[in-house]
Amino acid sequence: MEEVTGAQLIAEALKAQNIEYMFGIVGVPVIEVAMAAQAEGIHYVGMRNEQAACYAASAIGYLTGRPGACLVVSGPGLIHALGGMANANNNCWPVVVIGGSSDQNQETSGAFQEFPQVEACRLYSKFSARPSSLGAIPSVIEKAVRTSMYGRPGACYVDISGDMVNGKVERKDVRFVSCCPPPPVSMADHTAVMEAFAVLKAAKNPLVVIGKGAAYGRAEGPLRDLVDLGGLPFLPTPMGKGVLPDDHPNCVSAARSRALLQADVILLLGARLNWILHFGLPPRFNPHVKIIQVDLCAEEMGNNVRPAAALLGDINTIASQLLEEIRKDGWKYPSNTEWWTTLKEKMAANAKTTMALSLQPAEPMNYYTVFHHVSQLLPRDCIIVSEGANTMDIGRTMLLNALPRHRLDAGTFGTMGVGLGFAIAAAALQGAQGSGHRVVCVEGDSAFGFSGMEVETMCRYKLPVVIIVVNNNGIYSGVDPQTWSEMAEMGDLTTIAPPVTLLPEARYDEVMRAFGGQGYLVRTVEELRSALQASLSYWEGPSLLNILIDPASDRKQQEFPWLTRSNL
């Protein structure tokens, strides 16, 4: 009889469930699992931190609809991955974490890195379990993969004790399971669709809000027809950018505050009324706004604002249902309304203010100057990864996306440190697919520091990621080198230096060069354009632009502080 090890069963089970990517850090007791995964043809990417590995695996889930796997060692390794699991759960992205654990016969004895892993993961995941035997491994992994995708997507955890990894069982005694199909698709109730269309048709100031759920649900086709045929203004959430192109004539991102404040009917597609949308409440929203809510999670309906119409089901299907009603009725929102005039005037005024900031000749540069020139050079089809405070917020408005699932950022959980993991996943996927879409990772200097050692991972696998570090010497703001020197002369910096400051003009470009990538120190517009053009043409590995900007540079005055409460 043929015997197989636990490691082989894990790898075979993952492959049987069409899991193509695994990210992690190996050690006792999971080295053999990574080797077995490679033998099965699964792409294994060795990372430098388990948290970044989990971020990468979850990004694969978002980009492909099928979870990536994250492989971690016991105890601290698993604990480091919990941040990635929490982030995936909040973003509603599928990921499967596989964690080694102490041998079963040593439990409660103070074993090496012993920790109650299954119990701990229940707070951060949809499903957390350990197979009861070697023969049960394939069925538990199938359930983890299925649960990660079905309903509201999220993280799932499978615990594998050390003695199970190299333990053997006869193949005939294993319960093998076929590949779980994609999640079932459900339609909204027809009566609810009719009610929703009636509310939309009666609107004076309608607005469509497109969230990352629409991107994950591959709803770009019917949504494009819905917006075009209905003549509706739309506003994407940060990761909803690109579901419809940001330069679409109906996109009102440049009048975001005004659109949300004055809309009387909002069609909410794959977005939640959470902090990103200010809970749908005044003063950011019209107190009498009517919400048409589209979501696949029944428990989400009515959170913070009771919807005028609740459409439960698959967003792609529901968009098609609404589109059918528009076609049958022949309705289209007029293009000559006062609402459109208000939105266009506000967009033009904001664009004028932004352009004035972008063209300021002073050096060091400000955020707007940097993003103005970056936006001129980025390929239209590039994948933009972005994180930071001002870096992410300003970049969201100035770096446009034309394609769905081509923007990844701090997300619903507002997590800093996700950028490099996301970029590695996107670049690995683009390389395997041969699409040629460039991955550009735009980081604040603080955000870069969370996962900066992952540049070694990029260099090791020769991933052609372009990293742009917008370096203002701090968190929100920093100080210039002269001020730093003066503070150092005054005494102990731990009692003097503002908590938001980082080392002025840190040489992040030299970090990239240390591992064999391309690094550029940028101070001027000319250096910025030259370095970015060179980086975009370089396909042999990663590049990093360390762009030194004015430490006092800030966002333009906001009508509402949308994504940060900081007044620093």
# chains A, B, ... in the order shown; residues from 1 in each chain; ligands from 1
call {"tool": "residues_around", "arguments": {"residues": "Ile141 in chain A", "least_positions_apart": "5", "cutoff": "8 Å", "atoms": "only C-alpha atoms", "output": "ChimeraX atom specification"}}
result
/A:10,13-14,158
call {"tool": "select_by_dssp", "arguments": {"residues": "range 180-393 of chain A", "states": "strand (DSSP E)", "output": "PyMOL selection string"}}
result
chain A and resi 206-210+234-236+265-269+290-295+309-312+383-387
call {"tool": "write_last_selection", "arguments": {"atoms": "N, CA and C atoms", "output": "PDB file, in the first residue's frame"}}
result
ATOM      1  N   PRO A 206     -29.284  61.867  -7.663  1.00  0.00           N
ATOM      2  CA  PRO A 206     -28.837  60.480  -7.470  1.00  0.00           C
ATOM      3  C   PRO A 206     -27.313  60.364  -7.477  1.00  0.00           C
ATOM      4  N   LEU A 207     -26.828  59.316  -6.816  1.00  0.00           N
ATOM      5  CA  LEU A 207     -25.395  59.039  -6.798  1.00  0.00           C
ATOM      6  C   LEU A 207     -25.194  57.545  -6.663  1.00  0.00           C
ATOM      7  N   VAL A 208     -24.302  57.002  -7.460  1.00  0.00           N
ATOM      8  CA  VAL A 208     -23.903  55.602  -7.356  1.00  0.00           C
ATOM      9  C   VAL A 208     -22.560  55.548  -6.638  1.00  0.00           C
ATOM     10  N   VAL A 209     -22.475  54.765  -5.562  1.00  0.00           N
ATOM     11  CA  VAL A 209     -21.210  54.566  -4.851  1.00  0.00           C
ATOM     12  C   VAL A 209     -20.741  53.145  -5.126  1.00  0.00           C
ATOM     13  N   ILE A 210     -19.542  53.023  -5.681  1.00  0.00           N
ATOM     14  CA  ILE A 210     -18.998  51.727  -6.093  1.00  0.00           C
ATOM     15  C   ILE A 210     -17.865  51.337  -5.154  1.00  0.00           C
ATOM     16  N   PHE A 234     -21.233  58.745 -10.537  1.00  0.00           N
ATOM     17  CA  PHE A 234     -20.763  57.700  -9.633  1.00  0.00           C
ATOM     18  C   PHE A 234     -19.511  58.144  -8.896  1.00  0.00           C
ATOM     19  N   LEU A 235     -19.347  57.545  -7.715  1.00  0.00           N
ATOM     20  CA  LEU A 235     -18.210  57.830  -6.848  1.00  0.00           C
ATOM     21  C   LEU A 235     -17.632  56.504  -6.384  1.00  0.00           C
ATOM     22  N   PRO A 236     -16.362  56.211  -6.702  1.00  0.00           N
ATOM     23  CA  PRO A 236     -15.760  54.975  -6.197  1.00  0.00           C
ATOM     24  C   PRO A 236     -15.175  55.172  -4.800  1.00  0.00           C
ATOM     25  N   VAL A 265     -30.516  60.299  -3.120  1.00  0.00           N
ATOM     26  CA  VAL A 265     -30.621  58.844  -3.265  1.00  0.00           C
ATOM     27  C   VAL A 265     -29.237  58.308  -3.607  1.00  0.00           C
ATOM     28  N   ILE A 266     -28.786  57.319  -2.861  1.00  0.00           N
ATOM     29  CA  ILE A 266     -27.481  56.701  -3.110  1.00  0.00           C
ATOM     30  C   ILE A 266     -27.666  55.217  -3.359  1.00  0.00           C
ATOM     31  N   LEU A 267     -27.203  54.771  -4.514  1.00  0.00           N
ATOM     32  CA  LEU A 267     -27.166  53.338  -4.827  1.00  0.00           C
ATOM     33  C   LEU A 267     -25.813  52.818  -4.370  1.00  0.00           C
ATOM     34  N   LEU A 268     -25.825  52.031  -3.303  1.00  0.00           N
ATOM     35  CA  LEU A 268     -24.600  51.569  -2.642  1.00  0.00           C
ATOM     36  C   LEU A 268     -24.258  50.171  -3.144  1.00  0.00           C
ATOM     37  N   LEU A 269     -23.203  50.064  -3.942  1.00  0.00           N
ATOM     38  CA  LEU A 269     -22.855  48.818  -4.622  1.00  0.00           C
ATOM     39  C   LEU A 269     -21.547  48.251  -4.086  1.00  0.00           C
ATOM     40  N   LYS A 290     -31.870  58.633   0.894  1.00  0.00           N
ATOM     41  CA  LYS A 290     -32.427  57.293   0.742  1.00  0.00           C
ATOM     42  C   LYS A 290     -31.335  56.379   0.182  1.00  0.00           C
ATOM     43  N   ILE A 291     -31.093  55.289   0.883  1.00  0.00           N
ATOM     44  CA  ILE A 291     -30.032  54.364   0.492  1.00  0.00           C
ATOM     45  C   ILE A 291     -30.639  53.127  -0.166  1.00  0.00           C
ATOM     46  N   ILE A 292     -30.155  52.804  -1.346  1.00  0.00           N
ATOM     47  CA  ILE A 292     -30.455  51.517  -1.985  1.00  0.00           C
ATOM     48  C   ILE A 292     -29.219  50.654  -1.766  1.00  0.00           C
ATOM     49  N   GLN A 293     -29.333  49.668  -0.919  1.00  0.00           N
ATOM     50  CA  GLN A 293     -28.159  48.910  -0.485  1.00  0.00           C
ATOM     51  C   GLN A 293     -28.088  47.558  -1.190  1.00  0.00           C
ATOM     52  N   VAL A 294     -26.949  47.299  -1.818  1.00  0.00           N
ATOM     53  CA  VAL A 294     -26.700  46.024  -2.491  1.00  0.00           C
ATOM     54  C   VAL A 294     -25.554  45.325  -1.779  1.00  0.00           C
ATOM     55  N   ASP A 295     -25.820  44.145  -1.235  1.00  0.00           N
ATOM     56  CA  ASP A 295     -24.789  43.429  -0.494  1.00  0.00           C
ATOM     57  C   ASP A 295     -25.112  41.943  -0.494  1.00  0.00           C
ATOM     58  N   ALA A 309     -34.340  50.542   0.131  1.00  0.00           N
ATOM     59  CA  ALA A 309     -34.487  49.268  -0.580  1.00  0.00           C
ATOM     60  C   ALA A 309     -33.237  48.441  -0.317  1.00  0.00           C
ATOM     61  N   ALA A 310     -33.433  47.180   0.023  1.00  0.00           N
ATOM     62  CA  ALA A 310     -32.318  46.278   0.333  1.00  0.00           C
ATOM     63  C   ALA A 310     -32.301  45.152  -0.696  1.00  0.00           C
ATOM     64  N   LEU A 311     -31.214  45.071  -1.429  1.00  0.00           N
ATOM     65  CA  LEU A 311     -31.071  44.059  -2.479  1.00  0.00           C
ATOM     66  C   LEU A 311     -29.985  43.077  -2.048  1.00  0.00           C
ATOM     67  N   LEU A 312     -30.410  41.889  -1.666  1.00  0.00           N
ATOM     68  CA  LEU A 312     -29.498  40.874  -1.132  1.00  0.00           C
ATOM     69  C   LEU A 312     -29.127  39.889  -2.222  1.00  0.00           C
ATOM     70  N   ILE A 383      -0.928  48.540 -11.972  1.00  0.00           N
ATOM     71  CA  ILE A 383      -1.543  48.259 -10.679  1.00  0.00           C
ATOM     72  C   ILE A 383      -0.890  49.173  -9.659  1.00  0.00           C
ATOM     73  N   ILE A 384      -1.708  49.972  -8.978  1.00  0.00           N
ATOM     74  CA  ILE A 384      -1.195  50.934  -8.004  1.00  0.00           C
ATOM     75  C   ILE A 384      -1.471  50.404  -6.599  1.00  0.00           C
ATOM     76  N   VAL A 385      -0.398  50.210  -5.839  1.00  0.00           N
ATOM     77  CA  VAL A 385      -0.496  49.874  -4.419  1.00  0.00           C
ATOM     78  C   VAL A 385      -0.137  51.136  -3.655  1.00  0.00           C
ATOM     79  N   SER A 386      -0.950  51.490  -2.667  1.00  0.00           N
ATOM     80  CA  SER A 386      -0.717  52.770  -2.000  1.00  0.00           C
ATOM     81  C   SER A 386      -1.020  52.663  -0.517  1.00  0.00           C
ATOM     82  N   GLU A 387      -0.144  53.235   0.294  1.00  0.00           N
ATOM     83  CA  GLU A 387      -0.400  53.328   1.731  1.00  0.00           C
ATOM     84  C   GLU A 387       0.389  54.497   2.308  1.00  0.00           C
TER      85      GLU A 387
END
call {"tool": "atom_distance", "arguments": {"atom1": "CA of Ile25 in chain A", "atom2": "CA of Glu50 in chain A"}}
result
6.4 Å
call {"tool": "residues_around", "arguments": {"residues": "Ala136 in chain A", "least_positions_apart": "3", "cutoff": "9 Å", "atoms": "only C-alpha atoms", "output": "PyMOL selection string"}}
result
chain A and resi 131-133+139-141+174-176
call {"tool": "write_last_selection", "arguments": {"atoms": "C-alpha atoms", "output": "short mmCIF file (atom, residue, chain, number, x, y, z; two decimals), in the first residue's frame"}}
result
data_model
loop_
_atom_site.label_atom_id
_atom_site.label_comp_id
_atom_site.auth_asym_id
_atom_site.auth_seq_id
_atom_site.Cartn_x
_atom_site.Cartn_y
_atom_site.Cartn_z
CA PRO A 131 -7.71 17.92 11.35
CA SER A 132 -8.54 15.05 13.69
CA SER A 133 -6.27 12.71 11.74
CA SER A 139 -11.60 17.52 3.82
CA VAL A 140 -10.60 20.16 6.39
CA ILE A 141 -8.61 22.10 3.79
CA VAL A 174 -7.51 9.23 3.29
CA ARG A 175 -10.81 10.99 2.65
CA PHE A 176 -10.12 12.86 -0.57
#
call {"tool": "residues_around", "arguments": {"residues": "Val72 in chain A", "least_positions_apart": "3", "cutoff": "8 Å", "atoms": "only C-alpha atoms", "output": "ChimeraX atom specification"}}
result
/A:24-26,30,50,77-78,81,97-100
call {"tool": "residues_around", "arguments": {"residues": "Pro116 in chain A", "least_positions_apart": "5", "cutoff": "12 Å", "atoms": "only C-alpha atoms", "output": "ChimeraX atom specification"}}
result
/A:74-76,78-79,99-102,104,107-108,110-111,121-122,128-130,159,161
call {"tool": "residues_around", "arguments": {"residues": "range 517-522 of chain A", "least_positions_apart": "4", "cutoff": "12 Å", "atoms": "only C-alpha atoms", "output": "compact mmCIF listing (two decimals) with C-alpha atoms, in the first residue's frame"}}
result
# COMPACT_ATOMS: atom_id res chain seq x y z
CA GLU A 363 12.04 72.93 -3.74
CA PRO A 364 11.80 70.65 -1.92
CA MET A 365 8.67 69.50 -3.73
CA VAL A 370 5.20 64.69 -6.96
CA VAL A 455 12.57 44.56 -0.78
CA GLU A 456 14.95 41.62 -0.37
CA THR A 457 12.07 39.32 -1.31
CA MET A 458 11.45 41.39 -4.42
CA CYS A 459 15.12 41.26 -5.36
CA ARG A 460 15.39 37.52 -4.67
CA TYR A 461 12.52 36.70 -7.01
CA LYS A 462 13.38 39.51 -9.46
CA LEU A 463 9.93 41.05 -9.24
CA PRO A 464 9.83 44.28 -11.32
CA VAL A 465 8.03 46.37 -8.73
CA VAL A 466 8.53 50.13 -8.78
CA ILE A 467 8.47 51.50 -5.23
CA ILE A 468 7.94 55.22 -4.79
CA VAL A 469 8.70 56.40 -1.25
CA VAL A 470 7.34 59.91 -0.69
CA ASN A 471 9.69 60.89 2.12
CA GLU A 505 16.43 62.21 4.57
CA ALA A 506 16.82 58.51 5.38
CA ARG A 507 18.40 56.69 2.43
CA TYR A 508 15.76 54.11 1.56
CA ASP A 509 17.20 54.01 -1.94
CA GLU A 510 20.42 52.55 -0.49
CA VAL A 511 18.39 49.78 1.17
CA MET A 512 17.17 48.69 -2.24
CA ARG A 513 20.67 48.89 -3.71
CA GLU A 526 13.82 66.53 -13.35
CA GLU A 527 15.30 63.78 -11.18
CA LEU A 528 11.81 62.44 -10.48
CA ARG A 529 10.86 62.15 -14.12
CA SER A 530 14.20 60.64 -15.12
CA ALA A 531 14.21 58.07 -12.31
CA LEU A 532 10.60 56.99 -12.86
CA GLN A 533 11.06 56.60 -16.60
CA ALA A 534 14.16 54.49 -16.00
CA SER A 535 12.36 52.37 -13.38
CA LEU A 536 9.35 51.72 -15.59
CA SER A 537 11.63 50.47 -18.36
CA TYR A 538 13.60 48.19 -15.98
CA TRP A 539 12.25 44.62 -15.95
CA GLU A 540 15.13 42.76 -14.30
CA GLY A 541 14.05 43.45 -10.75
CA PRO A 542 12.64 46.10 -8.42
CA SER A 543 13.40 49.81 -8.26
CA LEU A 544 12.95 52.34 -5.48
CA LEU A 545 12.60 56.10 -5.79
CA ASN A 546 13.34 57.89 -2.52
CA ILE A 547 11.64 61.24 -3.12
CA LEU A 548 12.58 63.87 -0.56
CA ILE A 549 9.74 66.37 -0.15
call {"tool": "select_by_dssp", "arguments": {"residues": "range 248-373 of chain A", "states": "alpha helix (DSSP H)", "output": "ChimeraX atom specification"}}
result
/A:256-262,315-329,338-358,367-373
call {"tool": "residues_around", "arguments": {"residues": "Gly414 in chain A", "least_positions_apart": "5", "cutoff": "10 Å", "atoms": "only C-alpha atoms", "output": "count of residues only"}}
result
11
call {"tool": "atom_distance", "arguments": {"atom1": "CA of Gly444 in chain A", "atom2": "CA of Leu503 in chain A"}}
result
13.4 Å
